[in-house]
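Asker: Data: query.cif, mmCIF, N, CA and C atoms.
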```
data_entry
#
loop_
_atom_site.label_atom_id
_atom_site.label_comp_id
_atom_site.auth_asym_id
_atom_site.auth_seq_id
_atom_site.Cartn_x
_atom_site.Cartn_y
_atom_site.Cartn_z
N MET A 1 -42.83 -150.16 6.95
CA MET A 1 -43.00 -149.16 7.99
C MET A 1 -44.17 -148.27 7.61
N VAL A 2 -45.32 -148.73 7.88
CA VAL A 2 -46.51 -147.97 7.56
C VAL A 2 -46.75 -146.93 8.63
N GLY A 3 -46.95 -145.71 8.22
CA GLY A 3 -47.26 -144.64 9.15
C GLY A 3 -46.06 -144.01 9.81
N LYS A 4 -44.90 -144.53 9.62
CA LYS A 4 -43.69 -143.96 10.21
C LYS A 4 -42.79 -143.45 9.11
N THR A 5 -42.04 -142.45 9.42
CA THR A 5 -41.11 -141.89 8.46
C THR A 5 -39.83 -142.71 8.46
N ALA A 6 -39.46 -143.16 7.32
CA ALA A 6 -38.22 -143.93 7.21
C ALA A 6 -37.04 -142.98 7.13
N ILE A 7 -35.99 -143.36 7.79
CA ILE A 7 -34.77 -142.56 7.74
C ILE A 7 -34.04 -142.90 6.45
N LYS A 8 -33.77 -141.88 5.70
CA LYS A 8 -33.10 -142.10 4.43
C LYS A 8 -31.59 -142.04 4.64
N ASP A 9 -30.93 -143.03 4.13
CA ASP A 9 -29.48 -143.08 4.21
C ASP A 9 -28.91 -142.51 2.91
N SER A 10 -28.30 -141.35 3.01
CA SER A 10 -27.75 -140.71 1.81
C SER A 10 -26.22 -140.79 1.79
N SER A 11 -25.65 -141.74 2.51
CA SER A 11 -24.19 -141.82 2.57
C SER A 11 -23.58 -142.17 1.21
N LEU A 12 -24.30 -142.95 0.40
CA LEU A 12 -23.77 -143.29 -0.92
C LEU A 12 -23.82 -142.10 -1.87
N LYS A 13 -24.77 -141.22 -1.68
CA LYS A 13 -24.87 -140.05 -2.54
C LYS A 13 -23.74 -139.06 -2.30
N ASN A 14 -23.18 -139.09 -1.11
CA ASN A 14 -22.12 -138.14 -0.78
C ASN A 14 -20.77 -138.53 -1.37
N THR A 15 -20.62 -139.81 -1.72
CA THR A 15 -19.35 -140.22 -2.32
C THR A 15 -19.33 -139.77 -3.77
N LYS A 16 -18.21 -139.23 -4.15
CA LYS A 16 -18.08 -138.73 -5.52
C LYS A 16 -17.13 -139.62 -6.29
N PHE A 17 -17.60 -140.10 -7.42
CA PHE A 17 -16.80 -140.94 -8.30
C PHE A 17 -16.39 -140.10 -9.50
N TYR A 18 -15.11 -140.02 -9.73
CA TYR A 18 -14.61 -139.29 -10.87
C TYR A 18 -14.06 -140.28 -11.89
N SER A 19 -14.57 -140.22 -13.06
CA SER A 19 -14.14 -141.11 -14.12
C SER A 19 -12.89 -140.57 -14.80
N ASP A 20 -12.18 -141.46 -15.47
CA ASP A 20 -10.98 -141.06 -16.21
C ASP A 20 -11.28 -140.05 -17.30
N ASN A 21 -12.48 -140.15 -17.89
CA ASN A 21 -12.77 -139.25 -19.01
C ASN A 21 -13.65 -138.08 -18.62
N LYS A 22 -13.69 -137.73 -17.36
CA LYS A 22 -14.50 -136.60 -16.91
C LYS A 22 -14.13 -135.33 -17.68
N ASN A 23 -12.85 -135.13 -17.91
CA ASN A 23 -12.39 -133.92 -18.59
C ASN A 23 -11.90 -134.20 -20.01
N TYR A 24 -12.21 -135.40 -20.53
CA TYR A 24 -11.76 -135.74 -21.88
C TYR A 24 -12.67 -135.09 -22.91
N ASN A 25 -12.07 -134.46 -23.88
CA ASN A 25 -12.82 -133.90 -25.00
C ASN A 25 -11.85 -133.81 -26.16
N LEU A 26 -12.13 -134.56 -27.22
CA LEU A 26 -11.21 -134.60 -28.36
C LEU A 26 -11.04 -133.23 -28.98
N LYS A 27 -12.13 -132.47 -29.07
CA LYS A 27 -12.04 -131.13 -29.66
C LYS A 27 -11.07 -130.26 -28.87
N ASN A 28 -11.19 -130.28 -27.54
CA ASN A 28 -10.29 -129.48 -26.70
C ASN A 28 -8.84 -129.95 -26.80
N LYS A 29 -8.67 -131.28 -26.91
CA LYS A 29 -7.32 -131.83 -27.05
C LYS A 29 -6.68 -131.35 -28.35
N LEU A 30 -7.44 -131.40 -29.46
CA LEU A 30 -6.90 -130.96 -30.75
C LEU A 30 -6.64 -129.46 -30.77
N LEU A 31 -7.49 -128.70 -30.10
CA LEU A 31 -7.25 -127.25 -29.98
C LEU A 31 -5.98 -126.98 -29.19
N LYS A 32 -5.81 -127.70 -28.08
CA LYS A 32 -4.64 -127.52 -27.23
C LYS A 32 -3.35 -127.90 -27.97
N ASP A 33 -3.42 -128.98 -28.76
CA ASP A 33 -2.26 -129.44 -29.53
C ASP A 33 -2.06 -128.61 -30.79
N GLN A 34 -2.92 -127.64 -31.02
CA GLN A 34 -2.89 -126.73 -32.17
C GLN A 34 -2.97 -127.46 -33.51
N LYS A 35 -3.71 -128.57 -33.52
CA LYS A 35 -3.98 -129.28 -34.77
C LYS A 35 -5.16 -128.66 -35.50
N ILE A 36 -6.03 -127.98 -34.75
CA ILE A 36 -7.16 -127.26 -35.33
C ILE A 36 -7.28 -125.92 -34.62
N ASP A 37 -8.06 -125.01 -35.20
CA ASP A 37 -8.32 -123.73 -34.55
C ASP A 37 -9.82 -123.43 -34.64
N LYS A 38 -10.22 -122.33 -34.02
CA LYS A 38 -11.64 -121.97 -33.95
C LYS A 38 -12.23 -121.73 -35.34
N SER A 39 -11.45 -121.15 -36.25
CA SER A 39 -11.98 -120.89 -37.60
C SER A 39 -12.24 -122.20 -38.34
N PHE A 40 -11.40 -123.20 -38.11
CA PHE A 40 -11.62 -124.52 -38.71
C PHE A 40 -12.94 -125.10 -38.21
N LEU A 41 -13.17 -125.00 -36.91
CA LEU A 41 -14.42 -125.52 -36.33
C LEU A 41 -15.64 -124.80 -36.90
N ASP A 42 -15.52 -123.48 -37.10
CA ASP A 42 -16.62 -122.73 -37.69
C ASP A 42 -16.91 -123.18 -39.12
N LYS A 43 -15.87 -123.49 -39.87
CA LYS A 43 -16.04 -123.90 -41.27
C LYS A 43 -16.65 -125.28 -41.40
N ILE A 44 -16.25 -126.23 -40.54
CA ILE A 44 -16.77 -127.59 -40.71
C ILE A 44 -18.23 -127.73 -40.27
N ARG A 45 -18.77 -126.71 -39.62
CA ARG A 45 -20.20 -126.75 -39.26
C ARG A 45 -21.08 -126.80 -40.50
N PHE A 46 -20.58 -126.31 -41.61
CA PHE A 46 -21.37 -126.23 -42.84
C PHE A 46 -21.06 -127.37 -43.81
N ILE A 47 -20.24 -128.33 -43.38
CA ILE A 47 -19.86 -129.45 -44.22
C ILE A 47 -20.51 -130.71 -43.66
N THR A 48 -21.08 -131.52 -44.55
CA THR A 48 -21.67 -132.78 -44.10
C THR A 48 -20.56 -133.76 -43.73
N LEU A 49 -20.92 -134.76 -42.98
CA LEU A 49 -19.96 -135.78 -42.59
C LEU A 49 -19.38 -136.50 -43.81
N GLU A 50 -20.23 -136.76 -44.77
CA GLU A 50 -19.78 -137.42 -45.99
C GLU A 50 -18.76 -136.56 -46.74
N GLU A 51 -19.02 -135.27 -46.81
CA GLU A 51 -18.09 -134.35 -47.47
C GLU A 51 -16.76 -134.27 -46.72
N LEU A 52 -16.84 -134.27 -45.40
CA LEU A 52 -15.63 -134.21 -44.58
C LEU A 52 -14.77 -135.46 -44.77
N ILE A 53 -15.39 -136.61 -44.79
CA ILE A 53 -14.66 -137.86 -45.01
C ILE A 53 -14.04 -137.87 -46.41
N THR A 54 -14.81 -137.44 -47.41
CA THR A 54 -14.30 -137.39 -48.78
C THR A 54 -13.10 -136.44 -48.88
N LEU A 55 -13.20 -135.28 -48.24
CA LEU A 55 -12.08 -134.33 -48.26
C LEU A 55 -10.84 -134.93 -47.61
N LYS A 56 -11.02 -135.60 -46.49
CA LYS A 56 -9.88 -136.23 -45.80
C LYS A 56 -9.22 -137.26 -46.70
N LEU A 57 -10.02 -138.07 -47.39
CA LEU A 57 -9.46 -139.07 -48.29
C LEU A 57 -8.74 -138.42 -49.47
N LEU A 58 -9.33 -137.35 -50.01
CA LEU A 58 -8.70 -136.66 -51.14
C LEU A 58 -7.36 -136.03 -50.74
N VAL A 59 -7.33 -135.40 -49.57
CA VAL A 59 -6.08 -134.78 -49.10
C VAL A 59 -5.03 -135.86 -48.83
N SER A 60 -5.45 -136.96 -48.26
CA SER A 60 -4.51 -138.07 -48.01
C SER A 60 -3.97 -138.61 -49.33
N ALA A 61 -4.83 -138.73 -50.33
CA ALA A 61 -4.41 -139.23 -51.63
C ALA A 61 -3.42 -138.26 -52.29
N GLU A 62 -3.66 -136.98 -52.13
CA GLU A 62 -2.74 -135.97 -52.69
C GLU A 62 -1.37 -136.08 -52.04
N ASP A 63 -1.36 -136.26 -50.71
CA ASP A 63 -0.09 -136.39 -49.99
C ASP A 63 0.71 -137.60 -50.47
N LEU A 64 0.00 -138.66 -50.85
CA LEU A 64 0.65 -139.89 -51.31
C LEU A 64 0.76 -139.93 -52.84
N LYS A 65 0.44 -138.80 -53.46
CA LYS A 65 0.49 -138.68 -54.93
C LYS A 65 -0.38 -139.72 -55.62
N GLY A 66 -1.55 -139.97 -55.01
CA GLY A 66 -2.53 -140.87 -55.62
C GLY A 66 -2.23 -142.34 -55.48
N LYS A 67 -1.21 -142.70 -54.73
CA LYS A 67 -0.82 -144.11 -54.62
C LYS A 67 -1.54 -144.80 -53.47
N LEU A 68 -2.84 -144.90 -53.62
CA LEU A 68 -3.64 -145.59 -52.61
C LEU A 68 -4.22 -146.88 -53.18
N TYR A 69 -3.62 -147.41 -54.22
CA TYR A 69 -4.12 -148.63 -54.84
C TYR A 69 -3.99 -149.81 -53.88
N ASN A 70 -4.95 -150.69 -53.96
CA ASN A 70 -4.98 -151.93 -53.16
C ASN A 70 -5.15 -151.70 -51.67
N PHE A 71 -5.51 -150.50 -51.25
CA PHE A 71 -5.84 -150.31 -49.84
C PHE A 71 -7.33 -150.59 -49.68
N PRO A 72 -7.70 -151.52 -48.81
CA PRO A 72 -9.11 -151.93 -48.70
C PRO A 72 -9.97 -150.94 -47.89
N PHE A 73 -10.27 -149.80 -48.48
CA PHE A 73 -11.05 -148.76 -47.80
C PHE A 73 -12.39 -149.29 -47.29
N LEU A 74 -13.10 -149.98 -48.16
CA LEU A 74 -14.44 -150.43 -47.78
C LEU A 74 -14.41 -151.44 -46.64
N ARG A 75 -13.37 -152.22 -46.55
CA ARG A 75 -13.26 -153.20 -45.47
C ARG A 75 -13.12 -152.50 -44.11
N TYR A 76 -12.39 -151.40 -44.08
CA TYR A 76 -12.12 -150.72 -42.81
C TYR A 76 -13.05 -149.54 -42.51
N THR A 77 -13.92 -149.21 -43.43
CA THR A 77 -14.82 -148.08 -43.24
C THR A 77 -15.69 -148.24 -42.00
N SER A 78 -16.22 -149.42 -41.81
CA SER A 78 -17.09 -149.68 -40.65
C SER A 78 -16.33 -149.44 -39.34
N ASP A 79 -15.11 -149.96 -39.25
CA ASP A 79 -14.31 -149.78 -38.03
C ASP A 79 -13.95 -148.32 -37.81
N ILE A 80 -13.62 -147.62 -38.89
CA ILE A 80 -13.27 -146.20 -38.77
C ILE A 80 -14.46 -145.40 -38.23
N CYS A 81 -15.64 -145.69 -38.76
CA CYS A 81 -16.84 -144.98 -38.30
C CYS A 81 -17.18 -145.33 -36.86
N LYS A 82 -17.05 -146.60 -36.49
CA LYS A 82 -17.33 -147.01 -35.11
C LYS A 82 -16.37 -146.33 -34.14
N GLU A 83 -15.10 -146.28 -34.49
CA GLU A 83 -14.12 -145.61 -33.62
C GLU A 83 -14.47 -144.14 -33.46
N ALA A 84 -14.87 -143.49 -34.54
CA ALA A 84 -15.24 -142.07 -34.48
C ALA A 84 -16.44 -141.86 -33.56
N VAL A 85 -17.42 -142.75 -33.62
CA VAL A 85 -18.62 -142.62 -32.79
C VAL A 85 -18.27 -142.87 -31.32
N VAL A 86 -17.37 -143.81 -31.05
CA VAL A 86 -16.93 -144.05 -29.66
C VAL A 86 -16.20 -142.82 -29.12
N ARG A 87 -15.33 -142.23 -29.93
CA ARG A 87 -14.63 -141.00 -29.51
C ARG A 87 -15.62 -139.86 -29.26
N PHE A 88 -16.65 -139.77 -30.10
CA PHE A 88 -17.69 -138.76 -29.91
C PHE A 88 -18.38 -138.95 -28.56
N ALA A 89 -18.77 -140.18 -28.26
CA ALA A 89 -19.46 -140.45 -26.99
C ALA A 89 -18.56 -140.15 -25.80
N LEU A 90 -17.28 -140.51 -25.90
CA LEU A 90 -16.34 -140.22 -24.81
C LEU A 90 -16.16 -138.72 -24.61
N SER A 91 -16.16 -137.97 -25.70
CA SER A 91 -15.99 -136.52 -25.61
C SER A 91 -17.22 -135.84 -25.02
N LEU A 92 -18.38 -136.40 -25.29
CA LEU A 92 -19.63 -135.78 -24.86
C LEU A 92 -19.99 -136.13 -23.42
N ALA A 93 -19.67 -137.34 -23.00
CA ALA A 93 -20.11 -137.85 -21.70
C ALA A 93 -19.13 -137.52 -20.58
N ASP A 94 -19.64 -137.57 -19.35
CA ASP A 94 -18.81 -137.36 -18.17
C ASP A 94 -18.11 -138.63 -17.71
N ASN A 95 -18.63 -139.79 -18.09
CA ASN A 95 -18.01 -141.05 -17.71
C ASN A 95 -18.36 -142.12 -18.74
N ARG A 96 -17.75 -143.28 -18.57
CA ARG A 96 -17.93 -144.35 -19.56
C ARG A 96 -19.35 -144.90 -19.57
N LYS A 97 -19.97 -144.96 -18.40
CA LYS A 97 -21.35 -145.45 -18.35
C LYS A 97 -22.27 -144.52 -19.14
N GLU A 98 -22.11 -143.22 -18.94
CA GLU A 98 -22.93 -142.25 -19.67
C GLU A 98 -22.65 -142.34 -21.17
N ALA A 99 -21.40 -142.55 -21.55
CA ALA A 99 -21.05 -142.69 -22.96
C ALA A 99 -21.73 -143.92 -23.56
N SER A 100 -21.77 -145.00 -22.81
CA SER A 100 -22.43 -146.21 -23.32
C SER A 100 -23.93 -145.99 -23.46
N LEU A 101 -24.52 -145.22 -22.55
CA LEU A 101 -25.95 -144.91 -22.64
C LEU A 101 -26.25 -144.02 -23.85
N ILE A 102 -25.35 -143.09 -24.16
CA ILE A 102 -25.52 -142.23 -25.34
C ILE A 102 -25.62 -143.09 -26.59
N LEU A 103 -24.81 -144.15 -26.64
CA LEU A 103 -24.79 -145.02 -27.82
C LEU A 103 -25.82 -146.14 -27.74
N GLY A 104 -26.52 -146.23 -26.61
CA GLY A 104 -27.56 -147.25 -26.47
C GLY A 104 -27.01 -148.65 -26.39
N MET A 105 -25.89 -148.81 -25.69
CA MET A 105 -25.29 -150.13 -25.57
C MET A 105 -24.90 -150.42 -24.13
N LYS A 106 -24.64 -151.68 -23.84
CA LYS A 106 -24.21 -152.08 -22.51
C LYS A 106 -22.81 -151.55 -22.26
N LYS A 107 -22.54 -151.24 -20.98
CA LYS A 107 -21.23 -150.70 -20.63
C LYS A 107 -20.12 -151.69 -20.97
N ALA A 108 -20.36 -152.97 -20.76
CA ALA A 108 -19.34 -153.98 -21.07
C ALA A 108 -19.00 -153.99 -22.55
N ASP A 109 -20.02 -153.86 -23.41
CA ASP A 109 -19.77 -153.80 -24.85
C ASP A 109 -19.01 -152.54 -25.22
N PHE A 110 -19.36 -151.44 -24.58
CA PHE A 110 -18.68 -150.17 -24.83
C PHE A 110 -17.21 -150.25 -24.43
N LEU A 111 -16.93 -150.86 -23.27
CA LEU A 111 -15.55 -151.03 -22.83
C LEU A 111 -14.76 -151.91 -23.79
N GLN A 112 -15.44 -152.89 -24.40
CA GLN A 112 -14.79 -153.74 -25.41
C GLN A 112 -14.37 -152.90 -26.61
N TYR A 113 -15.23 -151.96 -27.04
CA TYR A 113 -14.87 -151.06 -28.15
C TYR A 113 -13.67 -150.19 -27.78
N ILE A 114 -13.63 -149.71 -26.54
CA ILE A 114 -12.50 -148.88 -26.10
C ILE A 114 -11.21 -149.68 -26.18
N ARG A 115 -11.24 -150.93 -25.74
CA ARG A 115 -10.05 -151.79 -25.83
C ARG A 115 -9.72 -152.13 -27.28
N GLU A 116 -10.75 -152.44 -28.07
CA GLU A 116 -10.54 -152.83 -29.46
C GLU A 116 -9.88 -151.72 -30.28
N TYR A 117 -10.26 -150.47 -30.01
CA TYR A 117 -9.72 -149.35 -30.77
C TYR A 117 -8.56 -148.66 -30.06
N ASN A 118 -8.01 -149.30 -29.01
CA ASN A 118 -6.84 -148.80 -28.28
C ASN A 118 -7.01 -147.34 -27.84
N LEU A 119 -8.14 -147.04 -27.24
CA LEU A 119 -8.41 -145.68 -26.80
C LEU A 119 -8.06 -145.45 -25.33
N ILE A 120 -7.51 -146.44 -24.66
CA ILE A 120 -7.19 -146.33 -23.24
C ILE A 120 -6.21 -145.19 -22.98
N GLU A 121 -5.12 -145.13 -23.75
CA GLU A 121 -4.12 -144.08 -23.53
C GLU A 121 -4.69 -142.70 -23.80
N GLU A 122 -5.41 -142.56 -24.89
CA GLU A 122 -6.01 -141.27 -25.21
C GLU A 122 -7.10 -140.93 -24.21
N PHE A 123 -7.78 -141.94 -23.74
CA PHE A 123 -8.84 -141.82 -22.77
C PHE A 123 -8.33 -141.15 -21.50
N ASN A 124 -7.11 -141.48 -21.08
CA ASN A 124 -6.52 -140.95 -19.85
C ASN A 124 -5.67 -139.71 -20.10
N TYR A 125 -5.79 -139.10 -21.26
CA TYR A 125 -4.97 -137.95 -21.67
C TYR A 125 -5.00 -136.83 -20.64
N ASP A 126 -6.19 -136.36 -20.28
CA ASP A 126 -6.29 -135.21 -19.38
C ASP A 126 -5.97 -135.57 -17.94
N SER A 127 -6.30 -136.81 -17.51
CA SER A 127 -6.01 -137.16 -16.13
C SER A 127 -4.51 -137.25 -15.89
N LYS A 128 -3.74 -137.67 -16.92
CA LYS A 128 -2.28 -137.71 -16.78
C LYS A 128 -1.70 -136.31 -16.71
N THR A 129 -2.21 -135.41 -17.54
CA THR A 129 -1.66 -134.07 -17.53
C THR A 129 -2.03 -133.34 -16.26
N LYS A 130 -3.21 -133.65 -15.69
CA LYS A 130 -3.61 -133.02 -14.44
C LYS A 130 -2.71 -133.45 -13.29
N ASN A 131 -2.40 -134.76 -13.25
CA ASN A 131 -1.57 -135.30 -12.17
C ASN A 131 -0.12 -134.80 -12.25
N SER A 132 0.33 -134.47 -13.44
CA SER A 132 1.71 -134.05 -13.60
C SER A 132 1.93 -132.58 -13.22
N LYS A 133 0.84 -131.83 -13.06
CA LYS A 133 0.98 -130.41 -12.73
C LYS A 133 1.26 -130.19 -11.27
#
```
Translate this file's structure into structure tokens.
Answerer:
Amino acid sequence: MVGKTAIKDSSLKNTKFYSDNKNYNLKNKLLKDQKIDKSFLDKIRFITLEELITLKLLVSAEDLKGKLYNFPFLRYTSDICKEAVVRFALSLADNRKEASLILGMKKADFLQYIREYNLIEEFNYDSKTKNSK
């Protein structure tokens, strides 16, 4: 259509898609469940990720009185870190597609990680509580 103004169809822009994780945020969930508080969040800002992981392992070992022999930590470290990064992306993003873009991966691969780490139930945490009100 040269020289004529094309009519733009914006009907698709008017539809609003709300994702299950629009209101998902692990930090807010832990605050609500009173597992952490604001002072804890202020303190961990000054701790490196490596230090935080080491502290968690040390506290866990103390609770078990040092009986962590034969647990294959190194075998599961990669999965633990991947799950943490997926949870981070879900907490930061408004939807799953945006979360996959944050991690630089295809949405299908990202959805596979969500299924692999059984995050579906936690993923729908806030949408279930909203519907029950």
Asker: So that I can check the surroundings of Ser100 of chain A, please list as a list in words every protein, DNA and RNA residue that reaches within 7 Å of it, counting all atoms listed in the file and ignoring chain neighbours fewer than 5 positions away.
Answerer: Ala89, Asn95, Met105, Lys106, Lys107 and Phe110 of chain A
Asker: Between atom CA of Arg75 of chain A and atom CA of Asn25 of chain A, what is the spacing in Å?
Answerer: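 That distance, rounded to one decimal, is 28.1 Å.
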Asker: State, in Å with one decimal place, the distance from atom CA of Ile102 of chain A to atom N of Leu90 of chain A.
Answerer: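 Result for atom CA of Ile102 of chain A versus atom N of Leu90 of chain A: 8.4 Å, one decimal.
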Asker: Atom CA of Leu74 of chain A and atom CA of Ile47 of chain A, how far apart in Å?
Answerer: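 Taking atom CA of Ile47 of chain A and atom CA of Leu74 of chain A, their separation equals 22.0 Å.
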Asker: Can you pull out every residue within 10 Å of Tyr113 of chain A, counting only C-alpha atoms, but drop anything in the same chain fewer than 5 positions away, and send it as an NGL selection string?
Answerer: :A and (79 or 82-83 or 86 or 107-108 or 118-119)
Asker: Let me have the centre and edge lengths in Å, one decimal, of the box along x, y and z around every listed atom of segment 78-95 of chain A with 5 Å of margin on each side, as lines of an AutoDock Vina configuration file.
Answerer:
```
center_x = -16.7
center_y = -142.9
center_z = -29.8
size_x = 16.8
size_y = 24.2
size_z = 34.1
```
Asker: Report as a VMD selection string: the residues of segment 9-113 of chain A with a DSSP assignment of alpha helix (DSSP H), based on the backbone of this structure.
Answerer: chain A and resid 11 to 14 26 to 32 38 to 44 49 to 63 73 to 92 96 to 102 107 to 113
